[in-house]
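*Asks:* A single structure is presented below for examination.
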Amino acid sequence: MSSEKFDVIVVGAGPAGIACAYELAKSGANVLLIERGEYPGSKNVMGGVLYRKMMEEIIPDFHKEAPVERPIVEQRFMMMDKTSAVTFSYKGLEWAEEPYNNFTVLRAKFDQWFAAKAVEKGALLLCETVVLECIVENGKVVGVRTDRPDGELRADVVVLADGVNSLLAKSLGFHKEFRPDEVALATMEVLKLDKKVIEERFNLEEGQGCTIELFGDATKGILGTGFLYTNKDTLSIGVGTLLSGLIKHKIKPYVLMEYVKTHPMIRPYIQGAEPQEYLAHLIPEGGYKSMPKVAAAGVLVIGDAAQLVNAIHREGSNMAMTSGRIAAETIVGAMGRGDFSEASLDGYRKRLMDSFVGQDLKKYKDATHHFDKFPQYFEQYIPMMNKAASTMLTVDGASKWEKQKRIWRDIGPAKQKLKMARDLYRAWRVIK
């Protein structure tokens, strides 16, 4: 194989890399998909929600054969204090019918299936192979060097889908070392639980799914979120926070994980569940302002390697797959022209930024930095909201007028009230 030249080499068999390889193979390109793990999905981690629309643009009606877990009919959001939670949600039965909105998935199963579909289209999958560096000649990427004997592989285009801390993109000078406030560390466990018990505890009909996003005390006030998702006969529970927050508060990620599992608001959901798997993964959180260069002569950068995560809405896999599809379509056009220069491949960047991916990243470009800079949103305002809810809903003989005065008084003096109003306005400005 070392003597063969490919049209395209894709490094990394996650959602972005597989989507790119699938689209390229479907178009007739000679594409090699390289995965460092034992199989696609063996080293890939995400909370477990897959959005139907973006995947269906690649494989129509995929859910009829793909190993999805449950279609999500309810999304809950829990604002947590130490012994309380204000919860709001949306439950829509339209999501329980085709074409659905999203599904929970287990990456070890789904990625293997997705990669097999790319292989069916003609992609060559090479696992347990580490790409050490890109081969650059005359300012153009012309292939990669791997850790295999005679591991030099050539191609017209190399696509980097090697994850958040893309060493290959860094070696090409596309980005510097990411700061701790640009990267989150997520830990996750898969817990075994009878499917009937899951449906009873989450108030679901047979086969339906629910997601719960956890804010506030789930992360001990550190910028981040926890999550609890329903699978067929397992639960996915996890928590992700900025590395800078873990360092500042001197908290180990596994300690935070145990804190979430034993929290009185979460414990009843997972009672009796048996741990099956433990995973940890870095997630890009820098967004729009941290995006590296994504196109150069002979090379494109997609998925997490391009920092394509919407931290506010917890979206990543949909952006990854869309970037892979757009990259493939750009490469097919370049193949038709026989031109793999930066000017030719830069169409990928332009299309990406014009899509919902670029538009959403731009919309929330200041959000992560803002909430990290002002921790009072999580440390003060969520507990304050929960206390106000408790005050209003506790029937103790006090009038509602008295309760409202007590809530207003508990906020603090006029200076504190003005500060809170200013903070809320700032928050609105960064997410509007």
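Letters for chains follow the order of the structure tokens (A, B, ...), residue numbers begin at 1 for each chain, and ligand numbers begin at 1 in the order shown.
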Just want the 6 Å neighbourhood of A:Asp304, counted on only C-alpha atoms, with same-chain residues fewer than 2 positions away dropped. Output as a ChimeraX atom specification.
*Replies:* /A:163-164,306-308
*Asks:* List as a PDB file with all heavy atoms, in the first residue's frame the protein and nucleic acid residues near A:Tyr364, meaning an atom at most 10 Å away when only C-alpha atoms are counted, but skip any in the same chain fewer than 5 places from it.
*Replies:*
```pdb
ATOM      1  N   GLY A 287     -14.412  27.741  20.137  1.00  0.00           N
ATOM      2  CA  GLY A 287     -15.355  28.217  19.135  1.00  0.00           C
ATOM      3  C   GLY A 287     -14.743  29.084  18.060  1.00  0.00           C
ATOM      4  O   GLY A 287     -13.595  28.903  17.645  1.00  0.00           O
ATOM      5  N   TYR A 288     -15.516  30.048  17.633  1.00  0.00           N
ATOM      6  CA  TYR A 288     -15.201  30.880  16.475  1.00  0.00           C
ATOM      7  C   TYR A 288     -13.823  31.523  16.580  1.00  0.00           C
ATOM      8  O   TYR A 288     -13.040  31.514  15.624  1.00  0.00           O
ATOM      9  CB  TYR A 288     -16.283  31.956  16.350  1.00  0.00           C
ATOM     10  CG  TYR A 288     -16.146  32.877  15.162  1.00  0.00           C
ATOM     11  CD1 TYR A 288     -16.613  32.490  13.912  1.00  0.00           C
ATOM     12  CD2 TYR A 288     -15.579  34.143  15.294  1.00  0.00           C
ATOM     13  CE1 TYR A 288     -16.507  33.340  12.817  1.00  0.00           C
ATOM     14  CE2 TYR A 288     -15.476  34.990  14.220  1.00  0.00           C
ATOM     15  CZ  TYR A 288     -15.925  34.590  12.983  1.00  0.00           C
ATOM     16  OH  TYR A 288     -15.816  35.430  11.909  1.00  0.00           O
ATOM     17  N   LYS A 289     -13.495  32.072  17.749  1.00  0.00           N
ATOM     18  CA  LYS A 289     -12.241  32.807  17.902  1.00  0.00           C
ATOM     19  C   LYS A 289     -11.032  31.887  18.015  1.00  0.00           C
ATOM     20  O   LYS A 289      -9.893  32.360  17.944  1.00  0.00           O
ATOM     21  CB  LYS A 289     -12.327  33.725  19.120  1.00  0.00           C
ATOM     22  CG  LYS A 289     -13.313  34.874  18.926  1.00  0.00           C
ATOM     23  CD  LYS A 289     -13.291  35.831  20.093  1.00  0.00           C
ATOM     24  CE  LYS A 289     -14.198  37.024  19.828  1.00  0.00           C
ATOM     25  NZ  LYS A 289     -14.199  37.999  20.945  1.00  0.00           N
ATOM     26  N   ASN A 310     -20.440  23.923  19.165  1.00  0.00           N
ATOM     27  CA  ASN A 310     -21.283  24.984  19.714  1.00  0.00           C
ATOM     28  C   ASN A 310     -21.504  24.671  21.189  1.00  0.00           C
ATOM     29  O   ASN A 310     -22.376  23.875  21.547  1.00  0.00           O
ATOM     30  CB  ASN A 310     -22.617  25.039  18.960  1.00  0.00           C
ATOM     31  CG  ASN A 310     -23.551  26.125  19.480  1.00  0.00           C
ATOM     32  OD1 ASN A 310     -23.333  26.700  20.548  1.00  0.00           O
ATOM     33  ND2 ASN A 310     -24.598  26.407  18.726  1.00  0.00           N
ATOM     34  N   ALA A 311     -20.697  25.277  22.062  1.00  0.00           N
ATOM     35  CA  ALA A 311     -20.723  24.938  23.483  1.00  0.00           C
ATOM     36  C   ALA A 311     -22.042  25.321  24.142  1.00  0.00           C
ATOM     37  O   ALA A 311     -22.478  24.656  25.088  1.00  0.00           O
ATOM     38  CB  ALA A 311     -19.562  25.625  24.195  1.00  0.00           C
ATOM     39  N   ILE A 312     -22.695  26.355  23.660  1.00  0.00           N
ATOM     40  CA  ILE A 312     -23.942  26.801  24.285  1.00  0.00           C
ATOM     41  C   ILE A 312     -25.052  25.780  24.083  1.00  0.00           C
ATOM     42  O   ILE A 312     -25.816  25.469  24.999  1.00  0.00           O
ATOM     43  CB  ILE A 312     -24.368  28.171  23.719  1.00  0.00           C
ATOM     44  CG1 ILE A 312     -23.315  29.235  24.085  1.00  0.00           C
ATOM     45  CG2 ILE A 312     -25.744  28.572  24.256  1.00  0.00           C
ATOM     46  CD1 ILE A 312     -23.138  29.448  25.576  1.00  0.00           C
ATOM     47  N   HIS A 313     -25.152  25.221  22.896  1.00  0.00           N
ATOM     48  CA  HIS A 313     -26.216  24.252  22.594  1.00  0.00           C
ATOM     49  C   HIS A 313     -25.729  22.810  22.655  1.00  0.00           C
ATOM     50  O   HIS A 313     -26.472  21.893  22.309  1.00  0.00           O
ATOM     51  CB  HIS A 313     -26.822  24.544  21.217  1.00  0.00           C
ATOM     52  CG  HIS A 313     -27.671  25.774  21.187  1.00  0.00           C
ATOM     53  ND1 HIS A 313     -29.025  25.743  21.441  1.00  0.00           N
ATOM     54  CD2 HIS A 313     -27.362  27.075  20.962  1.00  0.00           C
ATOM     55  CE1 HIS A 313     -29.518  26.977  21.367  1.00  0.00           C
ATOM     56  NE2 HIS A 313     -28.526  27.798  21.070  1.00  0.00           N
ATOM     57  N   GLN A 359     -22.226  30.098  10.998  1.00  0.00           N
ATOM     58  CA  GLN A 359     -23.140  31.116  11.504  1.00  0.00           C
ATOM     59  C   GLN A 359     -23.387  30.959  13.001  1.00  0.00           C
ATOM     60  O   GLN A 359     -23.423  31.947  13.743  1.00  0.00           O
ATOM     61  CB  GLN A 359     -24.459  31.060  10.725  1.00  0.00           C
ATOM     62  CG  GLN A 359     -24.330  31.454   9.267  1.00  0.00           C
ATOM     63  CD  GLN A 359     -23.748  32.846   9.087  1.00  0.00           C
ATOM     64  OE1 GLN A 359     -24.284  33.826   9.609  1.00  0.00           O
ATOM     65  NE2 GLN A 359     -22.644  32.948   8.371  1.00  0.00           N
ATOM     66  N   HIS A 369     -16.188  32.663  26.666  1.00  0.00           N
ATOM     67  CA  HIS A 369     -15.280  33.576  27.371  1.00  0.00           C
ATOM     68  C   HIS A 369     -16.047  34.406  28.397  1.00  0.00           C
ATOM     69  O   HIS A 369     -15.568  34.627  29.519  1.00  0.00           O
ATOM     70  CB  HIS A 369     -14.584  34.492  26.367  1.00  0.00           C
ATOM     71  CG  HIS A 369     -13.736  35.549  27.009  1.00  0.00           C
ATOM     72  ND1 HIS A 369     -12.538  35.269  27.635  1.00  0.00           N
ATOM     73  CD2 HIS A 369     -13.928  36.895  27.136  1.00  0.00           C
ATOM     74  CE1 HIS A 369     -12.021  36.394  28.117  1.00  0.00           C
ATOM     75  NE2 HIS A 369     -12.841  37.385  27.835  1.00  0.00           N
ATOM     76  N   ARG A 429     -26.744  39.772  25.687  1.00  0.00           N
ATOM     77  CA  ARG A 429     -26.020  40.308  24.536  1.00  0.00           C
ATOM     78  C   ARG A 429     -25.142  39.238  23.863  1.00  0.00           C
ATOM     79  O   ARG A 429     -25.007  39.255  22.639  1.00  0.00           O
ATOM     80  CB  ARG A 429     -25.129  41.478  24.984  1.00  0.00           C
ATOM     81  CG  ARG A 429     -25.875  42.749  25.310  1.00  0.00           C
ATOM     82  CD  ARG A 429     -26.435  43.422  24.059  1.00  0.00           C
ATOM     83  NE  ARG A 429     -25.413  43.714  23.085  1.00  0.00           N
ATOM     84  CZ  ARG A 429     -24.694  44.817  23.047  1.00  0.00           C
ATOM     85  NH1 ARG A 429     -24.887  45.755  23.976  1.00  0.00           N
ATOM     86  NH2 ARG A 429     -23.782  45.015  22.105  1.00  0.00           N
ATOM     87  N   VAL A 430     -24.549  38.339  24.638  1.00  0.00           N
ATOM     88  CA  VAL A 430     -23.628  37.378  24.046  1.00  0.00           C
ATOM     89  C   VAL A 430     -24.334  36.155  23.454  1.00  0.00           C
ATOM     90  O   VAL A 430     -23.715  35.379  22.725  1.00  0.00           O
ATOM     91  CB  VAL A 430     -22.559  36.906  25.055  1.00  0.00           C
ATOM     92  CG1 VAL A 430     -21.718  38.064  25.527  1.00  0.00           C
ATOM     93  CG2 VAL A 430     -23.176  36.146  26.219  1.00  0.00           C
ATOM     94  N   ILE A 431     -25.623  35.965  23.768  1.00  0.00           N
ATOM     95  CA  ILE A 431     -26.329  34.802  23.214  1.00  0.00           C
ATOM     96  C   ILE A 431     -27.499  35.181  22.316  1.00  0.00           C
ATOM     97  O   ILE A 431     -28.143  34.297  21.745  1.00  0.00           O
ATOM     98  CB  ILE A 431     -26.836  33.865  24.332  1.00  0.00           C
ATOM     99  CG1 ILE A 431     -27.896  34.566  25.184  1.00  0.00           C
ATOM    100  CG2 ILE A 431     -25.682  33.351  25.174  1.00  0.00           C
ATOM    101  CD1 ILE A 431     -28.512  33.659  26.227  1.00  0.00           C
ATOM    102  N   LYS A 432     -27.775  36.462  22.164  1.00  0.00           N
ATOM    103  CA  LYS A 432     -28.950  36.887  21.383  1.00  0.00           C
ATOM    104  C   LYS A 432     -28.774  36.578  19.898  1.00  0.00           C
ATOM    105  O   LYS A 432     -27.673  36.427  19.408  1.00  0.00           O
ATOM    106  CB  LYS A 432     -29.221  38.364  21.561  1.00  0.00           C
ATOM    107  CG  LYS A 432     -28.171  39.306  20.954  1.00  0.00           C
ATOM    108  CD  LYS A 432     -28.532  40.745  21.221  1.00  0.00           C
ATOM    109  CE  LYS A 432     -27.475  41.715  20.690  1.00  0.00           C
ATOM    110  NZ  LYS A 432     -27.382  41.744  19.231  1.00  0.00           N
TER     111      LYS A 432
END
```
*Asks:* Please identify all polymer residues within 7 Å of stretch 235-248 of chain A, counting only C-alpha atoms, omitting same-chain residues fewer than 3 positions from it, and present them as a VMD selection string.
*Replies:* chain A and resid 180 to 181 183 to 192 222 to 231 251 to 252 257
*Asks:* What are the closest atom pairs, with distances in Å to one decimal, for each residue of stretch 108-201 of chain A lying within 7 Å of stretch 63-83 of chain A, using only C-alpha atoms, rows by chain and rising residue number, as CSV?
*Replies:*
```
residue,atom,partner,partner_atom,distance
A:Lys109,CA,A:Pro67,CA,6.5
A:Phe110,CA,A:Pro67,CA,5.7
A:Trp113,CA,A:Ala66,CA,6.7
```
*Asks:* Just want the 8 Å neighbourhood of A:Asp194, counted on only C-alpha atoms, with same-chain residues fewer than 2 positions away dropped. Output as a ChimeraX atom specification.
*Replies:* /A:192,196-198,233-234
*Asks:* Put those residues in a file: all heavy atoms, as a PDB file, in the first residue's frame.
*Replies:*
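Saved file result-v7.pdb follows:
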```
ATOM      1  N   LYS A 192     -25.600   0.337  33.133  1.00  0.00           N
ATOM      2  CA  LYS A 192     -26.581  -0.664  32.732  1.00  0.00           C
ATOM      3  C   LYS A 192     -27.837  -0.548  33.595  1.00  0.00           C
ATOM      4  O   LYS A 192     -27.761  -0.505  34.821  1.00  0.00           O
ATOM      5  CB  LYS A 192     -25.983  -2.063  32.869  1.00  0.00           C
ATOM      6  CG  LYS A 192     -26.905  -3.196  32.450  1.00  0.00           C
ATOM      7  CD  LYS A 192     -27.029  -3.279  30.952  1.00  0.00           C
ATOM      8  CE  LYS A 192     -27.818  -4.522  30.522  1.00  0.00           C
ATOM      9  NZ  LYS A 192     -27.982  -4.590  29.065  1.00  0.00           N
ATOM     10  N   LYS A 196     -37.266  -1.097  30.951  1.00  0.00           N
ATOM     11  CA  LYS A 196     -38.564  -0.748  31.536  1.00  0.00           C
ATOM     12  C   LYS A 196     -38.386   0.215  32.703  1.00  0.00           C
ATOM     13  O   LYS A 196     -39.194   1.138  32.891  1.00  0.00           O
ATOM     14  CB  LYS A 196     -39.282  -2.013  32.000  1.00  0.00           C
ATOM     15  CG  LYS A 196     -39.727  -2.934  30.861  1.00  0.00           C
ATOM     16  CD  LYS A 196     -40.746  -2.241  29.967  1.00  0.00           C
ATOM     17  CE  LYS A 196     -41.253  -3.188  28.884  1.00  0.00           C
ATOM     18  NZ  LYS A 196     -42.207  -2.502  27.968  1.00  0.00           N
ATOM     19  N   VAL A 197     -37.343   0.015  33.478  1.00  0.00           N
ATOM     20  CA  VAL A 197     -37.046   0.920  34.587  1.00  0.00           C
ATOM     21  C   VAL A 197     -36.708   2.310  34.059  1.00  0.00           C
ATOM     22  O   VAL A 197     -37.143   3.328  34.610  1.00  0.00           O
ATOM     23  CB  VAL A 197     -35.894   0.363  35.447  1.00  0.00           C
ATOM     24  CG1 VAL A 197     -35.506   1.362  36.541  1.00  0.00           C
ATOM     25  CG2 VAL A 197     -36.282  -0.972  36.065  1.00  0.00           C
ATOM     26  N   ILE A 198     -35.936   2.360  32.990  1.00  0.00           N
ATOM     27  CA  ILE A 198     -35.595   3.648  32.369  1.00  0.00           C
ATOM     28  C   ILE A 198     -36.867   4.389  31.964  1.00  0.00           C
ATOM     29  O   ILE A 198     -37.031   5.581  32.261  1.00  0.00           O
ATOM     30  CB  ILE A 198     -34.682   3.435  31.147  1.00  0.00           C
ATOM     31  CG1 ILE A 198     -33.306   2.947  31.596  1.00  0.00           C
ATOM     32  CG2 ILE A 198     -34.554   4.725  30.334  1.00  0.00           C
ATOM     33  CD1 ILE A 198     -32.376   2.580  30.447  1.00  0.00           C
ATOM     34  N   ASP A 233     -30.999   0.214  27.007  1.00  0.00           N
ATOM     35  CA  ASP A 233     -30.955  -0.431  28.310  1.00  0.00           C
ATOM     36  C   ASP A 233     -29.745   0.042  29.118  1.00  0.00           C
ATOM     37  O   ASP A 233     -29.228  -0.672  29.961  1.00  0.00           O
ATOM     38  CB  ASP A 233     -30.963  -1.950  28.185  1.00  0.00           C
ATOM     39  CG  ASP A 233     -29.818  -2.480  27.326  1.00  0.00           C
ATOM     40  OD1 ASP A 233     -28.992  -1.662  26.870  1.00  0.00           O
ATOM     41  OD2 ASP A 233     -29.754  -3.700  27.106  1.00  0.00           O
ATOM     42  N   THR A 234     -29.303   1.251  28.816  1.00  0.00           N
ATOM     43  CA  THR A 234     -28.228   1.889  29.582  1.00  0.00           C
ATOM     44  C   THR A 234     -28.517   3.372  29.706  1.00  0.00           C
ATOM     45  O   THR A 234     -29.365   3.920  28.989  1.00  0.00           O
ATOM     46  CB  THR A 234     -26.843   1.714  28.915  1.00  0.00           C
ATOM     47  OG1 THR A 234     -26.867   2.330  27.614  1.00  0.00           O
ATOM     48  CG2 THR A 234     -26.463   0.242  28.790  1.00  0.00           C
TER      49      THR A 234
END
```
*Asks:* Sorted by chain and rising residue number, list the residues of stretch 137-192 of chain A at most 9 Å from stretch 336-357 of chain A (counting only C-alpha atoms), each with its closest atom pair and distance in Å to one decimal, as a Markdown table.
*Replies:*
```
| residue | atom | partner | partner_atom | distance |
| --- | --- | --- | --- | --- |
| A:Lys140 | CA | A:Ser341 | CA | 7.8 |
| A:Asp156 | CA | A:Phe340 | CA | 7.0 |
| A:Val157 | CA | A:Phe340 | CA | 7.1 |
```
*Asks:* Could you dump the residues just selected with C-alpha atoms as a PDB file, in the first residue's frame?
*Replies:*
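Written out: out_26.pdb:
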```pdb
ATOM      1  CA  LYS A 140       1.989  21.581  -0.359  1.00  0.00           C
ATOM      2  CA  ASP A 156      -3.564  14.696  -3.642  1.00  0.00           C
ATOM      3  CA  VAL A 157      -5.359  15.906  -0.509  1.00  0.00           C
TER       4      VAL A 157
END
```
*Asks:* For a quick check of understanding, using only C-alpha atoms, which of A:Val130, A:Ala367, A:Met319, A:Ala96 has the smallest distance to A:Gly151?
*Replies:*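 Checking each candidate against A:Gly151, we get A:Val130 as the closest.
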*Asks:* Where in stretch 177-352 of chain A does DSSP assign helix (DSSP H, G or I), given as a ChimeraX atom specification?
*Replies:* /A:180-182,195-201,217-219,243-249,253-262,267-270,287-290,303-306,317-337,342-345,347-352
*Asks:* Can you measure atom CA of A:Ala115 to atom CA of A:Ile135 for me? One decimal in Å is fine.
*Replies:*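 Here the two named atoms are 25.3 Å from each other.
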*Asks:* Out of A:Gln376, A:Ser323, A:Thr391, A:Gln416, which residue has the shortest atom-to-atom distance to A:Glu23 when counting only C-alpha atoms?
*Replies:*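 When distances to A:Glu23 are compared using only C-alpha atoms, the smallest one comes from A:Ser323.
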*Asks:* Report, in Å with one decimal, the straight-line distance from atom CA of A:Ala273 to atom CA of A:Arg52.
*Replies:*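 Rounded to one decimal, the two atoms are 28.4 Å apart.
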*Asks:* Which residues, written as a PyMOL selection string, have at least one atom at most 9 Å from stretch 396-409 of chain A, with only C-alpha atoms counted and residues fewer than 6 positions away on the same chain left out?
*Replies:* chain A and resi 384+387-388+417
*Asks:* I'd like to know which residues of stretch 88-129 of chain A are strand (DSSP E) (by DSSP, run on the backbone); could you write them as a list of chain:residue names?
*Replies:*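 Selecting the strand (DSSP E) positions of stretch 88-129 of chain A gives A:Phe88, A:Ser89, A:Tyr90, A:Lys91, A:Asn102, A:Phe103, A:Thr104, A:Val105, A:Leu124, A:Leu125, A:Leu126.
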*Asks:* Please write the residues from the selection above to a file, keeping all heavy atoms, as an mmCIF file, in the first residue's frame.
*Replies:*
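The resulting selection18.cif:
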```
data_model
loop_
_atom_site.group_PDB
_atom_site.id
_atom_site.type_symbol
_atom_site.label_atom_id
_atom_site.label_comp_id
_atom_site.auth_asym_id
_atom_site.auth_seq_id
_atom_site.Cartn_x
_atom_site.Cartn_y
_atom_site.Cartn_z
ATOM 1 N N PHE A 88 -36.857 22.877 33.662
ATOM 2 C CA PHE A 88 -37.817 23.160 32.588
ATOM 3 C C PHE A 88 -37.479 22.269 31.407
ATOM 4 O O PHE A 88 -36.350 21.776 31.285
ATOM 5 C CB PHE A 88 -37.822 24.643 32.210
ATOM 6 C CG PHE A 88 -36.500 25.184 31.766
ATOM 7 C CD1 PHE A 88 -36.171 25.245 30.426
ATOM 8 C CD2 PHE A 88 -35.585 25.671 32.696
ATOM 9 C CE1 PHE A 88 -34.952 25.755 30.017
ATOM 10 C CE2 PHE A 88 -34.363 26.190 32.296
ATOM 11 C CZ PHE A 88 -34.051 26.233 30.955
ATOM 12 N N SER A 89 -38.453 22.035 30.560
ATOM 13 C CA SER A 89 -38.237 21.074 29.482
ATOM 14 C C SER A 89 -39.173 21.344 28.317
ATOM 15 O O SER A 89 -40.130 22.122 28.429
ATOM 16 C CB SER A 89 -38.475 19.648 29.996
ATOM 17 O OG SER A 89 -39.860 19.426 30.229
ATOM 18 N N TYR A 90 -38.864 20.684 27.222
ATOM 19 C CA TYR A 90 -39.798 20.608 26.095
ATOM 20 C C TYR A 90 -39.976 19.151 25.729
ATOM 21 O O TYR A 90 -38.997 18.433 25.500
ATOM 22 C CB TYR A 90 -39.298 21.376 24.871
ATOM 23 C CG TYR A 90 -40.250 21.198 23.705
ATOM 24 C CD1 TYR A 90 -41.451 21.896 23.671
ATOM 25 C CD2 TYR A 90 -39.987 20.282 22.692
ATOM 26 C CE1 TYR A 90 -42.361 21.701 22.637
ATOM 27 C CE2 TYR A 90 -40.891 20.090 21.662
ATOM 28 C CZ TYR A 90 -42.077 20.799 21.642
ATOM 29 O OH TYR A 90 -42.977 20.600 20.626
ATOM 30 N N LYS A 91 -41.227 18.705 25.688
ATOM 31 C CA LYS A 91 -41.553 17.358 25.257
ATOM 32 C C LYS A 91 -42.483 17.464 24.064
ATOM 33 O O LYS A 91 -43.554 18.053 24.154
ATOM 34 C CB LYS A 91 -42.221 16.561 26.380
ATOM 35 C CG LYS A 91 -42.429 15.086 26.055
ATOM 36 C CD LYS A 91 -42.880 14.309 27.276
ATOM 37 C CE LYS A 91 -42.946 12.807 26.973
ATOM 38 N NZ LYS A 91 -43.312 12.031 28.197
ATOM 39 N N ASN A 102 -33.645 13.868 16.884
ATOM 40 C CA ASN A 102 -32.322 13.355 17.220
ATOM 41 C C ASN A 102 -32.453 12.032 17.968
ATOM 42 O O ASN A 102 -33.555 11.618 18.345
ATOM 43 C CB ASN A 102 -31.521 14.374 18.048
ATOM 44 C CG ASN A 102 -32.264 14.832 19.298
ATOM 45 O OD1 ASN A 102 -33.326 14.333 19.635
ATOM 46 N ND2 ASN A 102 -31.698 15.795 19.994
ATOM 47 N N PHE A 103 -31.324 11.383 18.141
ATOM 48 C CA PHE A 103 -31.276 10.074 18.784
ATOM 49 C C PHE A 103 -30.123 10.043 19.776
ATOM 50 O O PHE A 103 -29.132 10.748 19.610
ATOM 51 C CB PHE A 103 -31.012 8.952 17.756
ATOM 52 C CG PHE A 103 -31.957 8.912 16.598
ATOM 53 C CD1 PHE A 103 -31.729 9.682 15.469
ATOM 54 C CD2 PHE A 103 -33.073 8.081 16.618
ATOM 55 C CE1 PHE A 103 -32.587 9.635 14.389
ATOM 56 C CE2 PHE A 103 -33.934 8.022 15.535
ATOM 57 C CZ PHE A 103 -33.693 8.799 14.424
ATOM 58 N N THR A 104 -30.243 9.188 20.786
ATOM 59 C CA THR A 104 -29.054 8.844 21.554
ATOM 60 C C THR A 104 -28.347 7.706 20.824
ATOM 61 O O THR A 104 -28.981 6.859 20.191
ATOM 62 C CB THR A 104 -29.398 8.403 22.986
ATOM 63 O OG1 THR A 104 -30.462 7.447 22.957
ATOM 64 C CG2 THR A 104 -29.802 9.595 23.826
ATOM 65 N N VAL A 105 -27.025 7.718 20.900
ATOM 66 C CA VAL A 105 -26.224 6.661 20.282
ATOM 67 C C VAL A 105 -25.063 6.330 21.221
ATOM 68 O O VAL A 105 -24.682 7.130 22.077
ATOM 69 C CB VAL A 105 -25.645 7.081 18.901
ATOM 70 C CG1 VAL A 105 -26.751 7.347 17.904
ATOM 71 C CG2 VAL A 105 -24.716 8.287 19.030
ATOM 72 N N LEU A 124 -11.112 2.688 1.840
ATOM 73 C CA LEU A 124 -10.235 1.715 2.482
ATOM 74 C C LEU A 124 -10.008 2.169 3.918
ATOM 75 O O LEU A 124 -9.548 3.289 4.155
ATOM 76 C CB LEU A 124 -8.900 1.628 1.740
ATOM 77 C CG LEU A 124 -7.832 0.704 2.358
ATOM 78 C CD1 LEU A 124 -8.321 -0.741 2.412
ATOM 79 C CD2 LEU A 124 -6.527 0.793 1.569
ATOM 80 N N LEU A 125 -10.340 1.308 4.888
ATOM 81 C CA LEU A 125 -10.202 1.639 6.312
ATOM 82 C C LEU A 125 -8.956 0.968 6.870
ATOM 83 O O LEU A 125 -8.792 -0.251 6.758
ATOM 84 C CB LEU A 125 -11.445 1.180 7.077
ATOM 85 C CG LEU A 125 -11.404 1.325 8.601
ATOM 86 C CD1 LEU A 125 -11.282 2.784 9.002
ATOM 87 C CD2 LEU A 125 -12.657 0.695 9.225
ATOM 88 N N LEU A 126 -8.099 1.766 7.489
ATOM 89 C CA LEU A 126 -6.865 1.261 8.082
ATOM 90 C C LEU A 126 -6.852 1.640 9.566
ATOM 91 O O LEU A 126 -6.743 2.813 9.907
ATOM 92 C CB LEU A 126 -5.650 1.862 7.373
ATOM 93 C CG LEU A 126 -4.263 1.412 7.844
ATOM 94 C CD1 LEU A 126 -4.074 -0.079 7.627
ATOM 95 C CD2 LEU A 126 -3.181 2.211 7.133
#
```
*Asks:* Of the candidates A:Ala25, A:Val301, A:Val49, A:Leu106, which one gets nearest to A:Leu279 if we count only C-alpha atoms?
*Replies:*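 Of all the options, A:Leu106 lies closest to A:Leu279.
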*Asks:* Go through A:Asp217, A:Glu128, A:Glu285, A:Glu133 and flag the residue nearest A:Tyr377, using only C-alpha atoms for the distances.
*Replies:*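 Between A:Asp217, A:Glu128, A:Glu285, A:Glu133, the residue approaching A:Tyr377 most closely is A:Asp217.
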*Asks:* List the spatial neighbours of A:Ala13 as a PyMOL selection string - criterion: any atom at most 12 Å away, only C-alpha atoms, same-chain residues fewer than 6 positions off excluded.
*Replies:* chain A and resi 19-22+32-44+107-108+110-116+118-119+123-130+159-163+302-304+320-321+324
*Asks:* Taking only C-alpha atoms into account, which of A:Met291, A:Val86, A:Ala305, A:Ile58 comes nearest A:Met265?
*Replies:* A:Val86
